[in-house]
$ cat coords_13.pdb   # PDB, C-alpha atoms
ATOM      1  CA  MET E1312       0.663  19.985  45.176
ATOM      2  CA  SER E1313      -2.656  21.849  45.309
ATOM      3  CA  ASP E1314      -2.955  24.911  47.609
ATOM      4  CA  ALA E1315      -2.145  27.014  44.500
ATOM      5  CA  PRO E1316      -1.783  30.748  45.225
ATOM      6  CA  HIS E1317      -2.803  31.654  41.682
ATOM      7  CA  ILE E1318      -5.282  30.115  39.248
ATOM      8  CA  PRO E1319      -4.574  30.958  35.588
ATOM      9  CA  VAL E1320      -7.362  32.373  33.436
ATOM     10  CA  LEU E1321      -9.357  29.410  32.070
ATOM     11  CA  GLY E1322      -7.086  27.239  34.231
ATOM     12  CA  ARG E1323      -9.687  24.576  34.987
ATOM     13  CA  GLU E1324     -10.694  24.319  31.334
ATOM     14  CA  ALA E1325      -7.056  24.183  30.220
ATOM     15  CA  ILE E1326      -6.283  21.237  32.502
ATOM     16  CA  GLU E1327      -9.497  19.461  31.471
ATOM     17  CA  HIS E1328      -8.458  19.665  27.804
ATOM     18  CA  LEU E1329      -4.851  18.731  28.584
ATOM     19  CA  ALA E1330      -6.174  15.687  30.513
ATOM     20  CA  PRO E1331      -2.917  14.815  32.320
ATOM     21  CA  ARG E1332      -2.617  11.121  33.136
ATOM     22  CA  GLN E1333      -0.521   9.189  35.625
ATOM     23  CA  GLY E1334       3.059   8.795  34.473
ATOM     24  CA  GLY E1335       2.722  11.346  31.651
ATOM     25  CA  ILE E1336       5.337  13.947  30.703
ATOM     26  CA  TYR E1337       4.091  17.500  30.144
ATOM     27  CA  VAL E1338       5.494  20.862  29.112
ATOM     28  CA  ASP E1339       4.245  23.977  30.890
ATOM     29  CA  ALA E1340       5.621  26.350  28.281
ATOM     30  CA  THR E1341       4.783  29.538  30.225
ATOM     31  CA  PHE E1342       5.375  28.775  33.908
ATOM     32  CA  GLY E1343       4.545  32.199  35.392
ATOM     33  CA  VAL E1344       3.664  31.491  39.028
ATOM     34  CA  GLY E1345       3.142  27.797  38.397
ATOM     35  CA  GLY E1346      -0.635  27.409  38.189
ATOM     36  CA  TYR E1347      -0.605  24.854  35.372
ATOM     37  CA  SER E1348       2.408  22.994  36.754
ATOM     38  CA  ARG E1349       0.765  22.568  40.172
ATOM     39  CA  ALA E1350      -2.417  21.199  38.606
ATOM     40  CA  ILE E1351      -0.492  18.736  36.443
ATOM     41  CA  LEU E1352       1.648  17.602  39.376
ATOM     42  CA  ASP E1353      -1.528  16.863  41.344
ATOM     43  CA  VAL E1354      -1.852  13.808  39.069
ATOM     44  CA  PRO E1355       0.388  11.095  40.594
ATOM     45  CA  GLY E1356       3.527  10.183  38.685
ATOM     46  CA  THR E1357       3.419  13.058  36.217
ATOM     47  CA  ARG E1358       6.583  14.901  35.237
ATOM     48  CA  VAL E1359       6.620  18.552  34.167
ATOM     49  CA  ILE E1360       9.185  20.468  32.148
ATOM     50  CA  ALA E1361       8.340  24.132  32.840
ATOM     51  CA  ILE E1362       9.772  27.059  30.903
ATOM     52  CA  ASP E1363       9.841  30.810  31.487
ATOM     53  CA  ARG E1364      12.075  33.525  30.098
ATOM     54  CA  ASP E1365      11.440  35.686  33.179
ATOM     55  CA  ARG E1366      14.122  35.168  35.833
ATOM     56  CA  THR E1367      11.710  36.363  38.522
ATOM     57  CA  ALA E1368       9.344  33.502  37.658
ATOM     58  CA  ILE E1369      12.224  31.021  37.779
ATOM     59  CA  SER E1370      13.346  32.130  41.235
ATOM     60  CA  GLY E1371       9.750  32.213  42.438
ATOM     61  CA  GLY E1372       9.292  28.576  41.402
ATOM     62  CA  ALA E1373      12.168  27.238  43.523
ATOM     63  CA  GLU E1374       9.885  26.139  46.364
ATOM     64  CA  LEU E1375       7.584  24.224  44.010
ATOM     65  CA  VAL E1376      10.596  22.511  42.421
ATOM     66  CA  ALA E1377      11.756  21.392  45.871
ATOM     67  CA  ARG E1378       8.298  20.146  46.849
ATOM     68  CA  ALA E1379       7.863  18.245  43.576
ATOM     69  CA  GLY E1380      10.524  15.710  44.502
ATOM     70  CA  GLY E1381      12.244  15.586  41.133
ATOM     71  CA  ARG E1382       9.057  15.665  39.059
ATOM     72  CA  LEU E1383       9.382  19.356  38.084
ATOM     73  CA  THR E1384      12.247  20.769  36.037
ATOM     74  CA  LEU E1385      12.167  24.565  35.682
ATOM     75  CA  VAL E1386      14.186  26.101  32.839
ATOM     76  CA  GLU E1387      14.910  29.757  32.067
ATOM     77  CA  ASP E1388      14.399  30.018  28.312
ATOM     78  CA  ARG E1389      12.018  31.211  25.625
ATOM     79  CA  PHE E1390       9.029  28.960  25.081
ATOM     80  CA  SER E1391       9.824  28.869  21.363
ATOM     81  CA  ASN E1392      12.777  26.652  22.359
ATOM     82  CA  LEU E1393      10.600  24.038  24.047
ATOM     83  CA  ALA E1394      11.784  21.213  21.766
ATOM     84  CA  GLU E1395      15.426  22.010  22.543
ATOM     85  CA  VAL E1396      14.645  22.306  26.263
ATOM     86  CA  CYS E1397      13.042  18.846  26.224
ATOM     87  CA  ALA E1398      15.964  17.379  24.292
ATOM     88  CA  ALA E1399      18.395  18.780  26.875
ATOM     89  CA  GLN E1400      16.442  16.834  29.517
ATOM     90  CA  GLY E1401      16.720  13.645  27.444
ATOM     91  CA  ILE E1402      13.077  13.805  26.357
ATOM     92  CA  ASP E1403      12.115  13.549  22.695
ATOM     93  CA  ALA E1404       8.339  13.111  23.040
ATOM     94  CA  VAL E1405       5.776  14.399  25.546
ATOM     95  CA  ASP E1406       2.135  13.765  26.403
ATOM     96  CA  GLY E1407       1.010  17.369  26.449
ATOM     97  CA  VAL E1408       1.967  21.016  26.029
ATOM     98  CA  VAL E1409       0.093  23.893  27.653
ATOM     99  CA  MET E1410       0.832  27.578  27.109
ATOM    100  CA  ASP E1411      -0.687  30.833  28.361
ATOM    101  CA  VAL E1412       0.404  33.472  25.876
ATOM    102  CA  GLY E1413       1.218  37.109  26.620
ATOM    103  CA  VAL E1414       2.136  39.186  29.639
ATOM    104  CA  SER E1415       1.270  37.853  33.089
ATOM    105  CA  SER E1416      -0.592  39.678  35.856
ATOM    106  CA  MET E1417       2.564  39.364  37.947
ATOM    107  CA  GLN E1418       4.527  41.328  35.339
ATOM    108  CA  LEU E1419       1.799  43.941  34.857
ATOM    109  CA  ASP E1420       1.619  44.587  38.592
ATOM    110  CA  GLN E1421       5.336  45.347  38.960
ATOM    111  CA  ALA E1422       5.953  49.023  38.141
ATOM    112  CA  GLY E1423       9.661  48.387  37.685
ATOM    113  CA  ARG E1424       9.019  46.074  34.736
ATOM    114  CA  GLY E1425       7.505  48.908  32.702
ATOM    115  CA  PHE E1426       4.581  46.980  31.222
ATOM    116  CA  SER E1427       1.737  49.097  32.571
ATOM    117  CA  PHE E1428       0.762  52.642  31.640
ATOM    118  CA  ARG E1429      -1.155  52.811  34.942
ATOM    119  CA  LEU E1430       2.026  52.452  37.044
ATOM    120  CA  ASP E1431       4.930  54.823  36.545
ATOM    121  CA  GLY E1432       8.206  53.002  35.982
ATOM    122  CA  PRO E1433      11.079  52.585  33.542
ATOM    123  CA  LEU E1434       9.982  52.057  29.945
ATOM    124  CA  ASP E1435      11.351  48.508  29.794
ATOM    125  CA  MET E1436       8.681  45.860  28.926
ATOM    126  CA  ARG E1437      11.144  42.975  28.500
ATOM    127  CA  MET E1438       9.936  39.609  29.751
ATOM    128  CA  GLY E1439      13.544  38.475  29.994
ATOM    129  CA  GLN E1440      16.647  40.363  31.039
ATOM    130  CA  THR E1441      18.291  40.739  27.634
ATOM    131  CA  GLY E1442      17.743  42.676  24.433
ATOM    132  CA  PRO E1443      16.471  46.180  23.633
ATOM    133  CA  THR E1444      13.926  47.809  25.920
ATOM    134  CA  ALA E1445      10.787  49.633  24.847
ATOM    135  CA  ALA E1446      12.679  52.873  25.565
ATOM    136  CA  ASP E1447      15.374  51.767  23.079
ATOM    137  CA  VAL E1448      12.761  51.096  20.409
ATOM    138  CA  VAL E1449      10.986  54.405  20.999
ATOM    139  CA  ALA E1450      14.337  56.232  20.862
ATOM    140  CA  ARG E1451      15.746  54.596  17.727
ATOM    141  CA  ALA E1452      12.947  53.413  15.453
ATOM    142  CA  SER E1453      12.081  55.576  12.473
ATOM    143  CA  GLU E1454       8.700  57.284  12.329
ATOM    144  CA  SER E1455       7.490  54.855   9.657
ATOM    145  CA  ASP E1456       8.676  51.818  11.651
ATOM    146  CA  LEU E1457       7.007  53.120  14.808
ATOM    147  CA  ALA E1458       3.767  53.687  12.925
ATOM    148  CA  ASP E1459       3.879  50.155  11.491
ATOM    149  CA  ILE E1460       4.652  48.603  14.896
ATOM    150  CA  ILE E1461       1.818  50.454  16.637
ATOM    151  CA  TYR E1462      -0.660  49.707  13.851
ATOM    152  CA  LEU E1463       0.205  46.045  13.241
ATOM    153  CA  PHE E1464       0.781  44.906  16.834
ATOM    154  CA  GLY E1465      -1.559  47.303  18.629
ATOM    155  CA  GLU E1466      -4.246  47.653  15.956
ATOM    156  CA  GLU E1467      -4.173  51.376  16.729
ATOM    157  CA  ARG E1468      -5.831  53.328  13.914
ATOM    158  CA  HIS E1469      -4.117  56.550  15.052
ATOM    159  CA  SER E1470      -0.674  54.943  14.774
ATOM    160  CA  ARG E1471       0.779  57.505  12.384
ATOM    161  CA  ARG E1472      -0.310  60.382  14.613
ATOM    162  CA  VAL E1473       1.231  58.667  17.656
ATOM    163  CA  ALA E1474       4.490  57.898  15.824
ATOM    164  CA  ARG E1475       4.760  61.478  14.566
ATOM    165  CA  ALA E1476       4.304  62.862  18.084
ATOM    166  CA  ILE E1477       6.875  60.450  19.563
ATOM    167  CA  VAL E1478       9.516  61.404  16.998
ATOM    168  CA  ALA E1479       8.850  65.116  17.500
ATOM    169  CA  ASP E1480       9.009  64.947  21.303
ATOM    170  CA  ARG E1481      11.974  62.581  21.636
ATOM    171  CA  GLN E1482      14.251  65.172  20.018
ATOM    172  CA  GLU E1483      13.817  67.315  23.119
ATOM    173  CA  THR E1484      13.565  64.672  25.844
ATOM    174  CA  PRO E1485      14.010  60.894  25.469
ATOM    175  CA  PHE E1486      11.131  58.740  26.671
ATOM    176  CA  THR E1487      12.403  56.778  29.653
ATOM    177  CA  THR E1488       9.265  56.226  31.763
ATOM    178  CA  THR E1489       5.875  54.659  31.188
ATOM    179  CA  ARG E1490       4.080  57.781  32.412
ATOM    180  CA  ALA E1491       5.837  60.064  29.926
ATOM    181  CA  LEU E1492       4.836  57.873  26.995
ATOM    182  CA  ALA E1493       1.299  57.301  28.276
ATOM    183  CA  ASP E1494       0.806  61.056  28.750
ATOM    184  CA  LEU E1495       1.928  61.749  25.183
ATOM    185  CA  VAL E1496      -0.391  59.108  23.719
ATOM    186  CA  GLY E1497      -3.220  60.456  25.872
ATOM    187  CA  ARG E1498      -2.738  63.886  24.291
ATOM    188  CA  VAL E1499      -2.713  62.490  20.760
ATOM    189  CA  VAL E1500      -5.427  59.815  20.930
ATOM    190  CA  ARG E1501      -8.753  61.170  22.092
ATOM    191  CA  SER E1502     -11.081  58.863  24.004
ATOM    192  CA  LYS E1503     -14.653  58.962  25.249
ATOM    193  CA  PRO E1504     -15.812  58.057  28.759
ATOM    194  CA  GLY E1505     -15.960  54.278  29.052
ATOM    195  CA  ASP E1506     -13.326  53.692  26.354
ATOM    196  CA  ILE E1507     -10.097  51.856  27.087
ATOM    197  CA  HIS E1508      -7.156  54.033  28.109
ATOM    198  CA  PRO E1509      -5.770  55.836  25.007
ATOM    199  CA  ALA E1510      -2.313  54.284  25.575
ATOM    200  CA  THR E1511      -3.570  50.683  25.738
ATOM    201  CA  ARG E1512      -2.923  49.767  22.115
ATOM    202  CA  THR E1513       0.424  51.563  21.860
ATOM    203  CA  PHE E1514       1.731  49.830  25.007
ATOM    204  CA  GLN E1515       0.451  46.457  23.761
ATOM    205  CA  ALA E1516       2.227  46.998  20.437
ATOM    206  CA  LEU E1517       5.562  47.883  22.010
ATOM    207  CA  ARG E1518       5.379  44.952  24.441
ATOM    208  CA  ILE E1519       4.633  42.468  21.667
ATOM    209  CA  PHE E1520       7.389  43.921  19.489
ATOM    210  CA  VAL E1521      10.093  44.113  22.186
ATOM    211  CA  ASN E1522       9.463  40.489  23.191
ATOM    212  CA  GLU E1523       8.908  39.241  19.623
ATOM    213  CA  GLU E1524       5.796  37.577  20.991
ATOM    214  CA  LEU E1525       4.083  36.640  17.743
ATOM    215  CA  GLU E1526       7.206  35.079  16.234
ATOM    216  CA  GLU E1527       7.747  33.266  19.535
ATOM    217  CA  LEU E1528       4.213  31.895  19.427
ATOM    218  CA  GLN E1529       4.518  30.676  15.845
ATOM    219  CA  THR E1530       7.769  28.881  16.623
ATOM    220  CA  ALA E1531       6.431  27.438  19.881
ATOM    221  CA  LEU E1532       3.400  25.948  18.120
ATOM    222  CA  ALA E1533       5.617  24.296  15.509
ATOM    223  CA  SER E1534       7.919  23.014  18.265
ATOM    224  CA  ALA E1535       4.948  21.496  20.088
ATOM    225  CA  GLU E1536       3.971  19.683  16.902
ATOM    226  CA  HIS E1537       7.442  18.111  16.831
ATOM    227  CA  VAL E1538       7.540  16.908  20.446
ATOM    228  CA  LEU E1539       3.972  15.712  21.040
ATOM    229  CA  LYS E1540       3.345  11.964  20.967
ATOM    230  CA  PRO E1541       0.377  10.610  18.993
ATOM    231  CA  GLY E1542      -2.543  11.298  21.312
ATOM    232  CA  GLY E1543      -0.639  14.090  23.056
ATOM    233  CA  ARG E1544      -2.525  17.325  23.559
ATOM    234  CA  LEU E1545      -1.780  20.967  22.858
ATOM    235  CA  VAL E1546      -3.703  23.611  24.836
ATOM    236  CA  VAL E1547      -3.212  27.345  24.223
ATOM    237  CA  VAL E1548      -4.817  30.271  26.050
ATOM    238  CA  SER E1549      -4.422  33.638  24.318
ATOM    239  CA  PHE E1550      -5.592  37.135  25.208
ATOM    240  CA  HIS E1551      -5.968  39.144  22.037
ATOM    241  CA  SER E1552      -7.003  38.692  18.442
ATOM    242  CA  LEU E1553      -3.493  38.619  16.954
ATOM    243  CA  GLU E1554      -2.436  35.675  19.125
ATOM    244  CA  ASP E1555      -5.723  33.835  18.722
ATOM    245  CA  ARG E1556      -5.590  34.208  14.931
ATOM    246  CA  ILE E1557      -2.134  32.598  14.859
ATOM    247  CA  VAL E1558      -3.288  29.672  17.020
ATOM    248  CA  LYS E1559      -6.531  29.236  15.060
ATOM    249  CA  ASN E1560      -4.772  29.265  11.682
ATOM    250  CA  PHE E1561      -2.020  26.912  12.854
ATOM    251  CA  LEU E1562      -4.458  24.310  14.163
ATOM    252  CA  SER E1563      -6.928  24.694  11.290
ATOM    253  CA  LEU E1564      -4.243  24.087   8.670
ATOM    254  CA  ARG E1565      -2.849  21.073  10.504
ATOM    255  CA  ALA E1566      -6.266  19.552  11.137
ATOM    256  CA  LYS E1567      -7.409  20.041   7.547
ATOM    257  CA  THR E1568      -8.525  16.931   5.678
ATOM    258  CA  GLY E1569      -9.527  16.166   2.100
ATOM    259  CA  GLY E1570      -8.607  17.880  -1.128
ATOM    260  CA  GLY E1571     -10.054  18.329  -4.555
ATOM    261  CA  SER E1572     -13.780  17.989  -5.357
ATOM    262  CA  ARG E1573     -16.145  15.909  -7.468
ATOM    263  CA  HIS E1574     -15.352  18.223 -10.385
ATOM    264  CA  LEU E1575     -11.568  18.239  -9.989
ATOM    265  CA  PRO E1576      -8.905  15.546  -9.502
ATOM    266  CA  GLU E1577      -7.974  14.700  -5.898
ATOM    267  CA  VAL E1578      -5.217  17.022  -4.658
ATOM    268  CA  ALA E1579      -2.365  15.403  -2.749
ATOM    269  CA  GLN E1580      -2.397  16.767   0.784
ATOM    270  CA  THR E1581      -0.370  16.240   3.909
ATOM    271  CA  ALA E1582      -2.210  14.078   6.422
ATOM    272  CA  PRO E1583      -3.574  16.076   9.366
ATOM    273  CA  SER E1584      -1.123  16.233  12.251
ATOM    274  CA  PHE E1585      -3.774  17.423  14.730
ATOM    275  CA  GLN E1586      -7.388  16.674  15.488
ATOM    276  CA  LEU E1587      -9.285  19.669  16.860
ATOM    277  CA  LEU E1588     -10.731  19.335  20.351
ATOM    278  CA  THR E1589     -12.288  22.828  20.236
ATOM    279  CA  ARG E1590     -14.152  23.770  17.062
ATOM    280  CA  ARG E1591     -14.831  27.150  18.655
ATOM    281  CA  PRO E1592     -12.651  28.820  21.279
ATOM    282  CA  VAL E1593     -13.519  28.233  24.926
ATOM    283  CA  ILE E1594     -14.162  31.525  26.733
ATOM    284  CA  ALA E1595     -14.422  32.442  30.408
ATOM    285  CA  GLY E1596     -17.758  32.319  32.191
ATOM    286  CA  GLU E1597     -19.443  35.295  33.828
ATOM    287  CA  GLU E1598     -18.203  34.365  37.308
ATOM    288  CA  GLU E1599     -14.553  34.222  36.244
ATOM    289  CA  VAL E1600     -14.829  37.504  34.306
ATOM    290  CA  ALA E1601     -16.396  39.182  37.352
ATOM    291  CA  HIS E1602     -13.505  37.936  39.500
ATOM    292  CA  ASN E1603     -10.822  38.729  36.918
ATOM    293  CA  PRO E1604     -11.715  41.266  34.161
ATOM    294  CA  ARG E1605      -8.649  40.184  32.158
ATOM    295  CA  ALA E1606     -10.443  36.872  31.516
ATOM    296  CA  ARG E1607     -12.931  38.658  29.270
ATOM    297  CA  SER E1608     -10.550  38.560  26.307
ATOM    298  CA  ALA E1609      -9.178  35.033  26.921
ATOM    299  CA  LYS E1610      -9.699  32.282  24.357
ATOM    300  CA  LEU E1611      -8.674  28.659  24.718
ATOM    301  CA  ARG E1612      -8.018  26.353  21.764
ATOM    302  CA  ALA E1613      -6.951  22.717  22.019
ATOM    303  CA  ALA E1614      -6.054  19.858  19.710
ATOM    304  CA  GLU E1615      -4.763  16.296  19.885
ATOM    305  CA  ARG E1616      -1.700  15.128  17.983
ATOM    306  CA  THR E1617      -2.229  12.411  15.390
ATOM    307  CA  SER E1618       0.388   9.941  14.187
ATOM    308  CA  ALA E1619       0.949  11.869  10.934
ATOM    309  CA  PRO E1620       4.341  13.467  10.208
ATOM    310  CA  VAL E1621       4.865  17.126  11.096
ATOM    311  CA  HIS E1622       3.848  19.609   8.431
ATOM    312  CA  ALA E1623       6.230  21.808   6.490
ATOM    313  CA  ASP E1624       7.173  25.098   8.119
ATOM    314  CA  ASP E1625       4.749  27.967   7.582
ATOM    315  CA  GLU E1626       5.681  30.956   5.457
ATOM    316  CA  PRO E1627       7.690  33.497   7.470
ATOM    317  CA  SER E1628       5.732  36.541   8.603
ATOM    318  CA  SER E1629       6.211  39.955   7.031
ATOM    319  CA  TRP E1630       6.007  41.829  10.337
ATOM    320  CA  PRO E1631       8.679  44.384  11.307
ATOM    321  CA  LYS E1632      11.609  42.583  12.950
ATOM    322  CA  LEU E1633      13.207  43.827  16.148
ATOM    323  CA  SER E1634      16.765  43.306  14.882
ATOM    324  CA  ASP E1635      16.039  45.194  11.648
ATOM    325  CA  VAL E1636      14.407  48.150  13.369
ATOM    326  CA  MET E1637      17.186  48.494  15.955
ATOM    327  CA  ARG E1638      19.894  48.578  13.321
ATOM    328  CA  GLY E1639      17.896  50.906  11.111
ATOM    329  CA  GLY E1640      17.239  48.217   8.483
TER
END
$ encode --input "coords_13.pdb" --output "structure tokens"
Amino acid sequence: MSDAPHIPVLGREAIEHLAPRQGGIYVDATFGVGGYSRAILDVPGTRVIAIDRDRTAISGGAELVARAGGRLTLVEDRFSNLAEVCAAQGIDAVDGVVMDVGVSSMQLDQAGRGFSFRLDGPLDMRMGQTGPTAADVVARASESDLADIIYLFGEERHSRRVARAIVADRQETPFTTTRALADLVGRVVRSKPGDIHPATRTFQALRIFVNEELEELQTALASAEHVLKPGGRLVVVSFHSLEDRIVKNFLSLRAKTGGGSRHLPEVAQTAPSFQLLTRRPVIAGEEEVAHNPRARSAKLRAAERTSAPVHADDEPSSWPKLSDVMRGG
């Protein structure tokens, strides 16, 4: 199965932490162009359930499915539904889950997908083929909602200025292309030589919001906790601080032990459902960053499932919700 055309960022480290073994069942929760799946299938007797919400990725994986001889099942779905996807395949427990969170290089490089401010195309940004586009959000969201989206998901400190300019300009001409929006943000957000492109944070925010990426990640992590066998491993590669914070907090809470102190009575606490394999995130080396600048922001975290019951669901987030914003709620 080797001869992989694409190696994911931190791909070698991800597979080392996943440690696939002969006869094991694994979930590649973000198939993309199949880098993780190929590496797992290189171990004899493994079976992979691979998931991607992008129909282009699904069609692109047809050859690998054929070559895998029944060991690879490729499913078009959101990775938050990984437990349901496994159940539909008659699998209730797996030996490992690996996920590479965020937009893929393949998506960024296709102008027609509308992810990149560097390539002119329709202002779409959807990873799947359903739901509102970024153009829909920019056209319908209120100024306050736009400001919150850009600030919370893009960490853009000029979010209110950007939102105000969008609302003012869209009354004359709707934003339908990536270049039109990037040009507006470039006029509003000043940058110095060497800084990131002024539109970077606004585009990141809209992409995350349109695809509900942070909610998806939270649900996917909880789903992995449900399907992993004792000793099964969870490996997550993320690319910005918002994603990494969610992964870090999820694993830290579920690996937490003890309670109380010598001055206070022992506090009853749920047994840890994970044991951390990475106390600190694994980052890319200089050689990988030189070959692929996107690797600079990548962080890998991994943990091993214990035999303890799953933890209670986390508190729901207070982020703006796509459905609320689109109906003016």
$ closest_residue --input "coords_13.pdb" --among "E:Leu1587, E:Leu1352, E:Leu1393, E:Ala1474" --to "E:Val1376" --atoms "only C-alpha atoms"
E:Leu1352
$ residues_around --input "coords_13.pdb" --residues "stretch 1515-1527 of chain E" --least-positions-apart "5" --cutoff "7 Å" --atoms "only C-alpha atoms" --output "NGL selection string"
:E and (1391 or 1436-1438 or 1443-1445 or 1460-1461 or 1464-1465 or 1554 or 1633)
$ axis_aligned_box --input "coords_13.pdb" --around "stretch 1586-1596 of chain E" --padding-each-side "3 Å" --output "AutoDock Vina command-line options"
--center_x -12.6 --center_y 24.6 --center_z 23.8 --size_x 16.4 --size_y 21.8 --size_z 22.7
$ resolve_selection --input "coords_13.pdb" --expression "the PyMOL selection byres ((chain E and resi 1630) around 9)" --output "VMD selection string"
chain E and resid 1459 to 1460 1463 to 1464 1627 to 1629 1631 to 1632
$ closest_atom_pairs --input "coords_13.pdb" --of "stretch 1349-1459 of chain E" --to "stretch 1479-1492 of chain E" --cutoff "8 Å" --atoms "all atoms listed in the file" --output "tab-separated table"
residue	atom	partner	partner_atom	distance
E:Gly1425	CA	E:Thr1489	CA	6.2
E:Phe1426	CA	E:Thr1489	CA	7.8
E:Ser1427	CA	E:Thr1489	CA	7.1
E:Phe1428	CA	E:Thr1489	CA	5.5
E:Arg1429	CA	E:Arg1490	CA	7.6
E:Leu1430	CA	E:Thr1489	CA	7.3
E:Asp1431	CA	E:Arg1490	CA	5.2
E:Gly1432	CA	E:Thr1488	CA	5.4
E:Pro1433	CA	E:Thr1488	CA	4.4
E:Leu1434	CA	E:Thr1488	CA	4.6
E:Ala1446	CA	E:Thr1487	CA	5.7
E:Val1449	CA	E:Phe1486	CA	7.1
E:Ala1450	CA	E:Pro1485	CA	6.6
$ write_last_selection --input "coords_13.pdb" --atoms "C-alpha atoms" --output "PDB file, in the frame of the given file"
ATOM      1  CA  GLY E1425       7.505  48.908  32.702  1.00  0.00           C
ATOM      2  CA  PHE E1426       4.581  46.980  31.222  1.00  0.00           C
ATOM      3  CA  SER E1427       1.737  49.097  32.571  1.00  0.00           C
ATOM      4  CA  PHE E1428       0.762  52.642  31.640  1.00  0.00           C
ATOM      5  CA  ARG E1429      -1.155  52.811  34.942  1.00  0.00           C
ATOM      6  CA  LEU E1430       2.026  52.452  37.044  1.00  0.00           C
ATOM      7  CA  ASP E1431       4.930  54.823  36.545  1.00  0.00           C
ATOM      8  CA  GLY E1432       8.206  53.002  35.982  1.00  0.00           C
ATOM      9  CA  PRO E1433      11.079  52.585  33.542  1.00  0.00           C
ATOM     10  CA  LEU E1434       9.982  52.057  29.945  1.00  0.00           C
ATOM     11  CA  ALA E1446      12.679  52.873  25.565  1.00  0.00           C
ATOM     12  CA  VAL E1449      10.986  54.405  20.999  1.00  0.00           C
ATOM     13  CA  ALA E1450      14.337  56.232  20.862  1.00  0.00           C
TER      14      ALA E1450
END
$ closest_residue --input "coords_13.pdb" --among "E:Gly1505, E:Pro1620, E:Gly1413, E:Gly1639" --to "E:Leu1528" --atoms "all atoms listed in the file"
E:Gly1413
$ resolve_selection --input "coords_13.pdb" --expression "the PyMOL selection byres ((chain E and resi 1382) around 8)" --output "list of chain:residue names"
E:Leu1352, E:Gly1356, E:Thr1357, E:Arg1358, E:Val1359, E:Val1376, E:Ala1379, E:Gly1380, E:Gly1381, E:Leu1383, E:Thr1384
$ residues_around --input "coords_13.pdb" --residues "stretch 1605-1607 of chain E" --least-positions-apart "3" --cutoff "7 Å" --atoms "only C-alpha atoms" --output "PyMOL selection string"
chain E and resi 1320+1595+1599-1600
$ resolve_selection --input "coords_13.pdb" --expression "the PyMOL selection byres ((chain E and resi 1539) around 7)" --output "tab-separated table (two decimals) with C-alpha atoms, in the frame of the given file"
chain	number	residue	atom	x	y	z
E	1404	ALA	CA	8.34	13.11	23.04
E	1405	VAL	CA	5.78	14.40	25.55
E	1406	ASP	CA	2.13	13.76	26.40
E	1407	GLY	CA	1.01	17.37	26.45
E	1535	ALA	CA	4.95	21.50	20.09
E	1536	GLU	CA	3.97	19.68	16.90
E	1537	HIS	CA	7.44	18.11	16.83
E	1538	VAL	CA	7.54	16.91	20.45
E	1540	LYS	CA	3.34	11.96	20.97
E	1541	PRO	CA	0.38	10.61	18.99
E	1543	GLY	CA	-0.64	14.09	23.06
E	1616	ARG	CA	-1.70	15.13	17.98
$ atom_distance --input "coords_13.pdb" --atom1 "atom CA of E:Cys1397" --atom2 "atom CA of E:Ser1563"
25.6 Å
$ atom_distance --input "coords_13.pdb" --atom1 "atom CA of E:Ile1362" --atom2 "atom CA of E:Gly1345"
10.0 Å
$ atom_distance --input "coords_13.pdb" --atom1 "atom CA of E:Glu1395" --atom2 "atom CA of E:Ser1534"
8.7 Å
$ closest_residue --input "coords_13.pdb" --among "E:Ala1361, E:Ala1330, E:Ala1458, E:Ile1594" --to "E:Leu1385" --atoms "only C-alpha atoms"
E:Ala1361
$ residues_around --input "coords_13.pdb" --residues "E:Ala1609" --least-positions-apart "6" --cutoff "9 Å" --atoms "all atoms listed in the file" --output "list in words"
Val1320, Leu1321, Val1548, Ser1549, Phe1550, His1551, Asp1555, Val1593, Ile1594 and Ala1595 of chain E
$ closest_residue --input "coords_13.pdb" --among "E:Ala1531, E:Leu1329, E:Val1473, E:Val1354" --to "E:Phe1390" --atoms "all atoms listed in the file"
E:Ala1531
$ closest_residue --input "coords_13.pdb" --among "E:Val1478, E:Val1412, E:Val1621, E:Val1499" --to "E:Ile1557" --atoms "all atoms listed in the file"
E:Val1412
$ closest_residue --input "coords_13.pdb" --among "E:Val1409, E:Gly1334, E:Arg1544, E:Ala1398" --to "E:Ser1348" --atoms "only C-alpha atoms"
E:Val1409
$ residues_around --input "coords_13.pdb" --residues "E:Val1408" --least-positions-apart "3" --cutoff "7 Å" --atoms "only C-alpha atoms" --output "list in words"
Tyr1337, Val1338, Asp1339, Ala1340, Ala1535, Arg1544, Leu1545 and Val1546 of chain E
